[in-house]
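The structure file my_file-v3.pdb is reproduced below (PDB, C-alpha atoms, pLDDT in the B column).
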```pdb
ATOM      1  CA  MET A  27      -4.021   5.316  -2.299  1.00 52.00           C
ATOM      2  CA  VAL A  28      -6.681   6.434   0.182  1.00 48.00           C
ATOM      3  CA  ALA A  29      -7.067  10.098   0.937  1.00 48.00           C
ATOM      4  CA  ARG A  30      -9.523  12.060   2.993  1.00 48.00           C
ATOM      5  CA  LYS A  31     -10.182  15.694   2.166  1.00 48.00           C
ATOM      6  CA  ALA A  32     -12.200  18.055   4.332  1.00 44.00           C
ATOM      7  CA  GLY A  33     -12.643  21.775   4.856  1.00 39.00           C
ATOM      8  CA  ARG A  34     -14.471  24.639   3.195  1.00 33.00           C
ATOM      9  CA  ASN A  35     -17.563  22.422   3.292  1.00 31.00           C
ATOM     10  CA  VAL A  36     -15.748  19.996   0.995  1.00 32.00           C
ATOM     11  CA  ARG A  37     -15.628  16.350   1.939  1.00 36.00           C
ATOM     12  CA  GLY A  38     -13.814  13.648   0.060  1.00 41.00           C
ATOM     13  CA  ARG A  39     -11.769  10.484   0.273  1.00 48.00           C
ATOM     14  CA  ASN A  40      -9.652   8.946  -2.435  1.00 49.00           C
ATOM     15  CA  ALA A  41      -8.320   5.405  -2.638  1.00 50.00           C
ATOM     16  CA  GLY A  42      -5.655   3.924  -4.834  1.00 50.00           C
ATOM     17  CA  SER A  43      -3.753   0.692  -4.918  1.00 49.00           C
ATOM     18  CA  ARG A  44      -0.216   1.734  -5.551  1.00 47.00           C
ATOM     19  CA  ARG A  45       2.078   4.579  -4.582  1.00 43.00           C
ATOM     20  CA  ALA A  46       5.337   3.166  -5.982  1.00 43.00           C
ATOM     21  CA  LEU A  47       7.821   6.082  -5.920  1.00 44.00           C
ATOM     22  CA  GLY A  48       5.158   8.640  -5.188  1.00 48.00           C
ATOM     23  CA  GLY A  49       4.887   9.361  -8.884  1.00 52.00           C
ATOM     24  CA  HIS A  50       1.245  10.379  -8.492  1.00 54.00           C
ATOM     25  CA  ARG A  51       2.176  13.202  -6.162  1.00 50.00           C
ATOM     26  CA  ALA A  52       0.105  15.646  -8.223  1.00 49.00           C
ATOM     27  CA  GLU A  53      -3.042  13.624  -7.612  1.00 52.00           C
ATOM     28  CA  ALA A  54      -2.196  13.368  -3.923  1.00 53.00           C
ATOM     29  CA  ASP A  55      -1.721  17.121  -3.737  1.00 55.00           C
ATOM     30  CA  LEU A  56      -5.281  17.625  -4.945  1.00 48.00           C
ATOM     31  CA  TRP A  57      -6.472  15.869  -1.812  1.00 50.00           C
ATOM     32  CA  THR A  58      -3.978  17.292   0.679  1.00 49.00           C
ATOM     33  CA  THR A  59      -3.430  20.914  -0.290  1.00 51.00           C
ATOM     34  CA  PRO A  60      -2.919  23.877   2.037  1.00 48.00           C
ATOM     35  CA  GLY A  61      -5.355  26.754   2.416  1.00 44.00           C
ATOM     36  CA  GLY A  62      -7.995  25.152   4.573  1.00 39.00           C
ATOM     37  CA  LEU A  63      -8.095  21.727   2.952  1.00 46.00           C
ATOM     38  CA  SER A  64      -6.837  18.657   4.740  1.00 60.00           C
ATOM     39  CA  GLY A  65      -6.722  15.061   3.644  1.00 70.00           C
ATOM     40  CA  ARG A  66      -5.570  11.558   4.396  1.00 77.00           C
ATOM     41  CA  LEU A  67      -3.542   9.524   1.963  1.00 80.00           C
ATOM     42  CA  ILE A  68      -3.286   5.726   2.220  1.00 82.00           C
ATOM     43  CA  SER A  69      -1.042   3.945  -0.268  1.00 83.00           C
ATOM     44  CA  LEU A  70      -0.729   0.220  -0.920  1.00 85.00           C
ATOM     45  CA  ASP A  71       2.113  -1.618  -2.625  1.00 82.00           C
ATOM     46  CA  ARG A  72       3.463  -5.153  -2.422  1.00 80.00           C
ATOM     47  CA  ASP A  73       7.025  -3.971  -3.028  1.00 81.00           C
ATOM     48  CA  ALA A  74       8.767  -3.029   0.244  1.00 81.00           C
ATOM     49  CA  GLN A  75      11.554  -1.196  -1.580  1.00 81.00           C
ATOM     50  CA  ALA A  76       9.076   0.924  -3.525  1.00 80.00           C
ATOM     51  CA  LEU A  77       7.271   1.783  -0.296  1.00 84.00           C
ATOM     52  CA  GLU A  78      10.482   2.957   1.353  1.00 85.00           C
ATOM     53  CA  LEU A  79      11.271   5.247  -1.571  1.00 82.00           C
ATOM     54  CA  ALA A  80       7.693   6.508  -1.633  1.00 82.00           C
ATOM     55  CA  ARG A  81       7.809   7.177   2.110  1.00 84.00           C
ATOM     56  CA  GLU A  82      10.778   9.477   1.547  1.00 85.00           C
ATOM     57  CA  ARG A  83       9.049  11.342  -1.270  1.00 83.00           C
ATOM     58  CA  LEU A  84       5.806  11.700   0.660  1.00 82.00           C
ATOM     59  CA  LYS A  85       7.301  12.617   4.022  1.00 81.00           C
ATOM     60  CA  THR A  86       6.044  16.211   3.716  1.00 81.00           C
ATOM     61  CA  PHE A  87       2.537  14.852   4.213  1.00 79.00           C
ATOM     62  CA  GLY A  88       3.483  13.694   7.716  1.00 81.00           C
ATOM     63  CA  GLU A  89       0.744  11.716   9.466  1.00 80.00           C
ATOM     64  CA  ARG A  90      -1.644  12.386   6.584  1.00 79.00           C
ATOM     65  CA  ALA A  91       0.197   9.749   4.519  1.00 81.00           C
ATOM     66  CA  THR A  92       0.052   6.086   5.532  1.00 84.00           C
ATOM     67  CA  LEU A  93       1.854   3.469   3.445  1.00 89.00           C
ATOM     68  CA  VAL A  94       0.853  -0.169   3.727  1.00 88.00           C
ATOM     69  CA  GLN A  95       2.589  -3.208   2.267  1.00 88.00           C
ATOM     70  CA  ALA A  96      -0.288  -5.186   0.801  1.00 84.00           C
ATOM     71  CA  PRO A  97      -1.662  -6.349  -2.561  1.00 81.00           C
ATOM     72  CA  PHE A  98      -4.361  -4.130  -4.015  1.00 78.00           C
ATOM     73  CA  SER A  99      -6.852  -6.970  -3.669  1.00 78.00           C
ATOM     74  CA  ARG A 100      -6.840  -6.070   0.050  1.00 83.00           C
ATOM     75  CA  ILE A 101      -7.648  -2.400  -0.443  1.00 84.00           C
ATOM     76  CA  ALA A 102     -11.145  -2.644   1.057  1.00 85.00           C
ATOM     77  CA  GLU A 103      -9.803  -4.610   4.019  1.00 87.00           C
ATOM     78  CA  VAL A 104      -7.031  -2.080   4.658  1.00 87.00           C
ATOM     79  CA  VAL A 105      -9.446   0.846   4.460  1.00 86.00           C
ATOM     80  CA  HIS A 106     -11.742  -0.903   6.949  1.00 87.00           C
ATOM     81  CA  GLU A 107      -8.859  -1.663   9.348  1.00 90.00           C
ATOM     82  CA  LEU A 108      -7.920   2.012   9.330  1.00 87.00           C
ATOM     83  CA  GLY A 109     -11.445   2.989  10.277  1.00 87.00           C
ATOM     84  CA  ILE A 110     -12.298   4.764   7.035  1.00 83.00           C
ATOM     85  CA  PRO A 111     -16.005   4.315   6.205  1.00 81.00           C
ATOM     86  CA  GLY A 112     -15.621   4.827   2.451  1.00 74.00           C
ATOM     87  CA  VAL A 113     -13.786   6.665  -0.284  1.00 70.00           C
ATOM     88  CA  ASP A 114     -14.748   9.007  -3.095  1.00 66.00           C
ATOM     89  CA  GLY A 115     -12.248   7.818  -5.664  1.00 67.00           C
ATOM     90  CA  VAL A 116      -9.719   5.127  -6.507  1.00 71.00           C
ATOM     91  CA  LEU A 117      -6.381   5.527  -8.270  1.00 77.00           C
ATOM     92  CA  ALA A 118      -4.930   2.167  -9.354  1.00 76.00           C
ATOM     93  CA  ASP A 119      -1.476   2.115 -10.947  1.00 74.00           C
ATOM     94  CA  LEU A 120      -1.075  -1.498 -12.056  1.00 71.00           C
ATOM     95  CA  GLY A 121       1.920  -3.315 -13.489  1.00 68.00           C
ATOM     96  CA  VAL A 122       5.690  -3.285 -13.138  1.00 72.00           C
ATOM     97  CA  SER A 123       7.444   0.064 -12.744  1.00 69.00           C
ATOM     98  CA  SER A 124      10.463   1.230 -14.728  1.00 73.00           C
ATOM     99  CA  MET A 125      12.475   1.160 -11.494  1.00 73.00           C
ATOM    100  CA  GLN A 126      11.764  -2.540 -11.085  1.00 70.00           C
ATOM    101  CA  LEU A 127      12.563  -3.297 -14.717  1.00 72.00           C
ATOM    102  CA  ASP A 128      15.850  -1.395 -14.467  1.00 73.00           C
ATOM    103  CA  GLN A 129      17.079  -3.442 -11.498  1.00 71.00           C
ATOM    104  CA  ALA A 130      18.657  -6.617 -12.866  1.00 78.00           C
ATOM    105  CA  ALA A 131      18.654  -8.173  -9.403  1.00 79.00           C
ATOM    106  CA  ARG A 132      14.843  -8.216  -9.404  1.00 81.00           C
ATOM    107  CA  GLY A 133      14.773 -10.438 -12.497  1.00 83.00           C
ATOM    108  CA  PHE A 134      11.841  -8.712 -14.198  1.00 86.00           C
ATOM    109  CA  SER A 135      13.614  -7.997 -17.483  1.00 89.00           C
ATOM    110  CA  PHE A 136      15.953  -9.650 -19.977  1.00 89.00           C
ATOM    111  CA  ARG A 137      17.926  -6.435 -20.548  1.00 86.00           C
ATOM    112  CA  GLU A 138      20.676  -7.681 -18.232  1.00 89.00           C
ATOM    113  CA  ALA A 139      21.489 -11.033 -16.665  1.00 94.00           C
ATOM    114  CA  GLY A 140      19.771 -11.408 -13.327  1.00 94.00           C
ATOM    115  CA  PRO A 141      18.216 -14.049 -11.076  1.00 95.00           C
ATOM    116  CA  LEU A 142      14.926 -15.597 -12.157  1.00 96.00           C
ATOM    117  CA  ASP A 143      12.927 -13.945  -9.407  1.00 93.00           C
ATOM    118  CA  MET A 144      10.199 -11.480 -10.553  1.00 90.00           C
ATOM    119  CA  ARG A 145       8.542 -11.246  -7.137  1.00 87.00           C
ATOM    120  CA  MET A 146       6.980  -7.974  -5.991  1.00 80.00           C
ATOM    121  CA  ASP A 147       7.068  -9.181  -2.407  1.00 78.00           C
ATOM    122  CA  ALA A 148      10.186 -11.081  -1.306  1.00 80.00           C
ATOM    123  CA  GLY A 149       7.956 -13.081   1.010  1.00 78.00           C
ATOM    124  CA  ASP A 150       6.044 -14.650  -1.873  1.00 81.00           C
ATOM    125  CA  GLU A 151       6.829 -18.308  -2.469  1.00 84.00           C
ATOM    126  CA  VAL A 152       6.627 -18.623  -6.253  1.00 90.00           C
ATOM    127  CA  THR A 153       9.520 -17.313  -8.367  1.00 94.00           C
ATOM    128  CA  ALA A 154      10.208 -17.397 -12.089  1.00 96.00           C
ATOM    129  CA  ASP A 155      12.990 -19.886 -11.363  1.00 97.00           C
ATOM    130  CA  GLU A 156      10.499 -22.371  -9.967  1.00 96.00           C
ATOM    131  CA  ILE A 157       8.312 -22.039 -13.056  1.00 97.00           C
ATOM    132  CA  VAL A 158      11.004 -22.422 -15.724  1.00 97.00           C
ATOM    133  CA  ASN A 159      13.024 -25.073 -13.903  1.00 98.00           C
ATOM    134  CA  ARG A 160      10.337 -27.154 -12.180  1.00 97.00           C
ATOM    135  CA  TRP A 161       7.008 -26.833 -13.930  1.00 97.00           C
ATOM    136  CA  ALA A 162       5.968 -29.468 -16.431  1.00 98.00           C
ATOM    137  CA  GLU A 163       6.372 -28.648 -20.110  1.00 98.00           C
ATOM    138  CA  LYS A 164       2.609 -28.521 -20.673  1.00 98.00           C
ATOM    139  CA  GLU A 165       2.104 -26.178 -17.711  1.00 97.00           C
ATOM    140  CA  ILE A 166       4.654 -23.749 -19.113  1.00 98.00           C
ATOM    141  CA  ALA A 167       3.162 -23.931 -22.615  1.00 98.00           C
ATOM    142  CA  ASP A 168      -0.343 -23.313 -21.273  1.00 98.00           C
ATOM    143  CA  LEU A 169       0.884 -20.358 -19.212  1.00 97.00           C
ATOM    144  CA  LEU A 170       2.598 -18.699 -22.178  1.00 98.00           C
ATOM    145  CA  TYR A 171      -0.439 -19.086 -24.401  1.00 97.00           C
ATOM    146  CA  ARG A 172      -3.038 -18.130 -21.803  1.00 96.00           C
ATOM    147  CA  GLU A 173      -1.340 -15.079 -20.324  1.00 94.00           C
ATOM    148  CA  ALA A 174       0.644 -13.719 -23.277  1.00 95.00           C
ATOM    149  CA  GLU A 175      -1.001 -15.262 -26.355  1.00 96.00           C
ATOM    150  CA  GLU A 176       2.371 -16.702 -27.355  1.00 96.00           C
ATOM    151  CA  HIS A 177       1.728 -18.715 -30.535  1.00 93.00           C
ATOM    152  CA  ASP A 178       5.005 -20.615 -30.139  1.00 96.00           C
ATOM    153  CA  SER A 179       4.218 -21.579 -26.561  1.00 97.00           C
ATOM    154  CA  ARG A 180       4.715 -25.319 -27.047  1.00 97.00           C
ATOM    155  CA  ARG A 181       7.966 -24.909 -28.943  1.00 97.00           C
ATOM    156  CA  ILE A 182       9.302 -22.500 -26.313  1.00 98.00           C
ATOM    157  CA  ALA A 183       8.219 -24.693 -23.400  1.00 98.00           C
ATOM    158  CA  ARG A 184       9.937 -27.691 -24.983  1.00 98.00           C
ATOM    159  CA  ALA A 185      13.155 -25.688 -25.431  1.00 98.00           C
ATOM    160  CA  ILE A 186      13.046 -24.446 -21.830  1.00 98.00           C
ATOM    161  CA  VAL A 187      12.687 -27.958 -20.423  1.00 98.00           C
ATOM    162  CA  ARG A 188      15.512 -29.287 -22.609  1.00 98.00           C
ATOM    163  CA  ALA A 189      17.847 -26.431 -21.575  1.00 98.00           C
ATOM    164  CA  ARG A 190      17.372 -26.930 -17.838  1.00 98.00           C
ATOM    165  CA  PRO A 191      18.704 -25.757 -15.532  1.00 97.00           C
ATOM    166  CA  ILE A 192      18.021 -22.211 -16.779  1.00 97.00           C
ATOM    167  CA  ARG A 193      20.627 -20.104 -14.996  1.00 96.00           C
ATOM    168  CA  ASP A 194      19.338 -16.536 -15.225  1.00 97.00           C
ATOM    169  CA  THR A 195      17.226 -14.092 -17.227  1.00 96.00           C
ATOM    170  CA  ALA A 196      19.811 -13.777 -20.007  1.00 96.00           C
ATOM    171  CA  HIS A 197      20.005 -17.553 -20.399  1.00 97.00           C
ATOM    172  CA  LEU A 198      16.210 -17.789 -20.551  1.00 98.00           C
ATOM    173  CA  ALA A 199      15.989 -15.034 -23.162  1.00 96.00           C
ATOM    174  CA  THR A 200      18.549 -16.818 -25.328  1.00 96.00           C
ATOM    175  CA  VAL A 201      16.715 -20.126 -25.096  1.00 97.00           C
ATOM    176  CA  VAL A 202      13.394 -18.510 -26.001  1.00 97.00           C
ATOM    177  CA  ALA A 203      14.879 -16.549 -28.910  1.00 95.00           C
ATOM    178  CA  GLY A 204      16.351 -19.741 -30.327  1.00 95.00           C
ATOM    179  CA  ALA A 205      13.050 -21.591 -30.116  1.00 95.00           C
ATOM    180  CA  ARG A 206      10.652 -18.967 -31.387  1.00 90.00           C
ATOM    181  CA  LYS A 207       9.666 -18.771 -35.042  1.00 79.00           C
ATOM    182  CA  GLN A 208      10.057 -15.572 -37.000  1.00 74.00           C
ATOM    183  CA  TRP A 209       6.582 -14.110 -37.515  1.00 65.00           C
ATOM    184  CA  GLY A 210       7.094 -11.350 -40.060  1.00 65.00           C
ATOM    185  CA  ARG A 211       8.911  -8.197 -39.051  1.00 69.00           C
ATOM    186  CA  GLN A 212      10.102  -8.423 -35.460  1.00 70.00           C
ATOM    187  CA  ARG A 213       9.558  -5.236 -33.460  1.00 80.00           C
ATOM    188  CA  LEU A 214       9.806  -6.857 -30.038  1.00 87.00           C
ATOM    189  CA  HIS A 215      12.474  -9.069 -28.509  1.00 91.00           C
ATOM    190  CA  PRO A 216      11.491 -12.736 -29.024  1.00 94.00           C
ATOM    191  CA  ALA A 217      11.370 -13.281 -25.257  1.00 95.00           C
ATOM    192  CA  THR A 218       9.007 -10.368 -24.542  1.00 94.00           C
ATOM    193  CA  LYS A 219       5.827 -12.444 -24.296  1.00 95.00           C
ATOM    194  CA  THR A 220       7.515 -15.188 -22.288  1.00 97.00           C
ATOM    195  CA  PHE A 221       8.714 -12.700 -19.684  1.00 95.00           C
ATOM    196  CA  LEU A 222       5.286 -11.057 -19.606  1.00 93.00           C
ATOM    197  CA  ALA A 223       3.597 -14.381 -18.888  1.00 96.00           C
ATOM    198  CA  LEU A 224       6.104 -15.217 -16.172  1.00 96.00           C
ATOM    199  CA  ARG A 225       5.640 -11.844 -14.477  1.00 91.00           C
ATOM    200  CA  ILE A 226       1.880 -12.320 -14.472  1.00 91.00           C
ATOM    201  CA  ALA A 227       2.212 -15.812 -13.007  1.00 93.00           C
ATOM    202  CA  VAL A 228       4.584 -14.701 -10.250  1.00 90.00           C
ATOM    203  CA  ILE A 229       2.893 -11.418  -9.396  1.00 82.00           C
ATOM    204  CA  GLU A 230      -0.629 -12.824  -9.888  1.00 74.00           C
ATOM    205  CA  ARG A 231      -1.585  -9.382 -11.089  1.00 50.00           C
ATOM    206  CA  TRP A 232      -4.770 -10.272 -12.895  1.00 44.00           C
ATOM    207  CA  ARG A 233      -6.156 -12.403 -10.088  1.00 52.00           C
ATOM    208  CA  ASN A 234      -5.530  -9.574  -7.642  1.00 50.00           C
ATOM    209  CA  SER A 235      -7.067  -6.988  -9.961  1.00 51.00           C
ATOM    210  CA  GLY A 236     -10.194  -9.128 -10.233  1.00 50.00           C
ATOM    211  CA  SER A 237     -10.495  -9.213  -6.456  1.00 55.00           C
ATOM    212  CA  PHE A 238      -9.886  -5.481  -6.401  1.00 56.00           C
ATOM    213  CA  PHE A 239     -12.722  -4.593  -8.750  1.00 53.00           C
ATOM    214  CA  LEU A 240     -15.163  -7.185  -7.436  1.00 42.00           C
ATOM    215  CA  GLY A 241     -14.427  -6.673  -3.752  1.00 50.00           C
ATOM    216  CA  PRO A 242     -16.522  -4.799  -1.157  1.00 49.00           C
ATOM    217  CA  GLN A 243     -17.785  -1.378  -2.171  1.00 55.00           C
ATOM    218  CA  LEU A 244     -15.438   1.431  -1.185  1.00 60.00           C
ATOM    219  CA  LEU A 245     -17.304   4.338  -2.713  1.00 57.00           C
TER     220      LEU A 245
END
```
For this file, produce the structure as structure tokens.
Amino acid sequence: MVARKAGRNVRGRNAGSRRALGGHRAEADLWTTPGGLSGRLISLDRDAQALELARERLKTFGERATLVQAPFSRIAEVVHELGIPGVDGVLADLGVSSMQLDQAARGFSFREAGPLDMRMDAGDEVTADEIVNRWAEKEIADLLYREAEEHDSRRIARAIVRARPIRDTAHLATVVAGARKQWGRQRLHPATKTFLALRIAVIERWRNSGSFFLGPQLL
């Protein structure tokens, strides 16, 4: 989100990386309120569907709200392209939204059977299907351990490779549950860490966040 606030001798700009469904409307209102204050709101999201829904929720802002489909690693670039010299604040809402998790067709969750997709942007090349059905066993094991600290990563990776082709999210969850050891009292579904690691690999969230925080100065 990028917003510009001016009036009453008050000057400010605010930047944030994700608008999703416009759930941070309250924060946006602080920068674009009536009564002499005006502002500019720029929102970034990789998910085209989320942007469309956000555009509907933020339509009352008119031209003061600009939504851009882009990863948050490009926030400085987008701000520069829009001719904004700098911002006074950044609001970054990272991770997968409940809307995305609730849509089985997106493949983010094991709650219902869905395609092994997990992409934020349909234009991205890598999907969860490619990882579980094409990656080498060691690559999968390393991914699960590195990104989700899954102690049974090797056992799970071996089970995934043996069960190929993995048909959908439900099939994957079943395979993982059957391979994972019982480590004391189970409060989470056995496939929770596997799905977390896959989402990170597909979305590349942490690599983008690193670029976001280490990129050109916005403030």
For the file shown, report as a CSV table (one decimal) with C-alpha atoms, keeping the file's coordinate frame the outcome of the PyMOL selection byres ((chain A and resi 89) around 12) at residue level.
```
chain,number,residue,atom,x,y,z
A,29,ALA,CA,-7.1,10.1,0.9
A,58,THR,CA,-4.0,17.3,0.7
A,64,SER,CA,-6.8,18.7,4.7
A,65,GLY,CA,-6.7,15.1,3.6
A,66,ARG,CA,-5.6,11.6,4.4
A,67,LEU,CA,-3.5,9.5,2.0
A,68,ILE,CA,-3.3,5.7,2.2
A,81,ARG,CA,7.8,7.2,2.1
A,84,LEU,CA,5.8,11.7,0.7
A,85,LYS,CA,7.3,12.6,4.0
A,86,THR,CA,6.0,16.2,3.7
A,87,PHE,CA,2.5,14.9,4.2
A,88,GLY,CA,3.5,13.7,7.7
A,90,ARG,CA,-1.6,12.4,6.6
A,91,ALA,CA,0.2,9.7,4.5
A,92,THR,CA,0.1,6.1,5.5
A,93,LEU,CA,1.9,3.5,3.4
```
Hey, which bits of range 123-180 of chain A sit within 6 Å of range 189-204 of chain A, and for each residue what's the closest pair of atoms and how far apart in Å (one decimal), counting only C-alpha atoms, rows by chain and increasing number, as JSON lines?
```
{"residue": "A:Phe136", "atom": "CA", "partner": "A:Thr195", "partner_atom": "CA", "distance": 5.4}
{"residue": "A:Ala139", "atom": "CA", "partner": "A:Ala196", "partner_atom": "CA", "distance": 4.6}
{"residue": "A:Gly140", "atom": "CA", "partner": "A:Thr195", "partner_atom": "CA", "distance": 5.4}
{"residue": "A:Pro141", "atom": "CA", "partner": "A:Asp194", "partner_atom": "CA", "distance": 5.0}
{"residue": "A:Leu142", "atom": "CA", "partner": "A:Asp194", "partner_atom": "CA", "distance": 5.5}
{"residue": "A:Asn159", "atom": "CA", "partner": "A:Pro191", "partner_atom": "CA", "distance": 5.9}
```
Just so the selection is clear, what residues does the PyMOL selection byres ((chain A and resi 94) around 9) cover here, as a VMD selection string? chain A and resid 68 to 72 77 92 to 93 95 to 96 104
Selected residue of minimal separation from Thr153 in chain A among A:Val113, A:Arg213, A:Glu173, A:Ile229, counting only C-alpha atoms: A:Ile229
How many Å lie between CA of Ala154 in chain A and CA of Leu222 in chain A, rounded to one decimal?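 Straight-line distance from CA of Ala154 in chain A to CA of Leu222 in chain A works out to 11.0 Å.
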Expand the PyMOL selection byres ((chain A and resi 161) around 12) into the individual residues it matches in the shown file, reporting them as a list in words.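 Here the PyMOL selection byres ((chain A and resi 161) around 12) matches Val152, Thr153, Ala154, Asp155, Glu156, Ile157, Val158, Asn159, Arg160, Ala162, Glu163, Lys164, Glu165, Ile166, Ala167, Asp168, Leu169, Ala183, Arg184, Ile186, Val187, Arg190, Pro191 and Leu224 of chain A.
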Distance CA of Asp147 in chain A-CA of Ala80 in chain A, one decimal place?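 These two atoms are separated by 15.7 Å.
The interatomic distance for the pair CA of Ala223 in chain A and CA of Leu170 in chain A works out to 5.5 Å.
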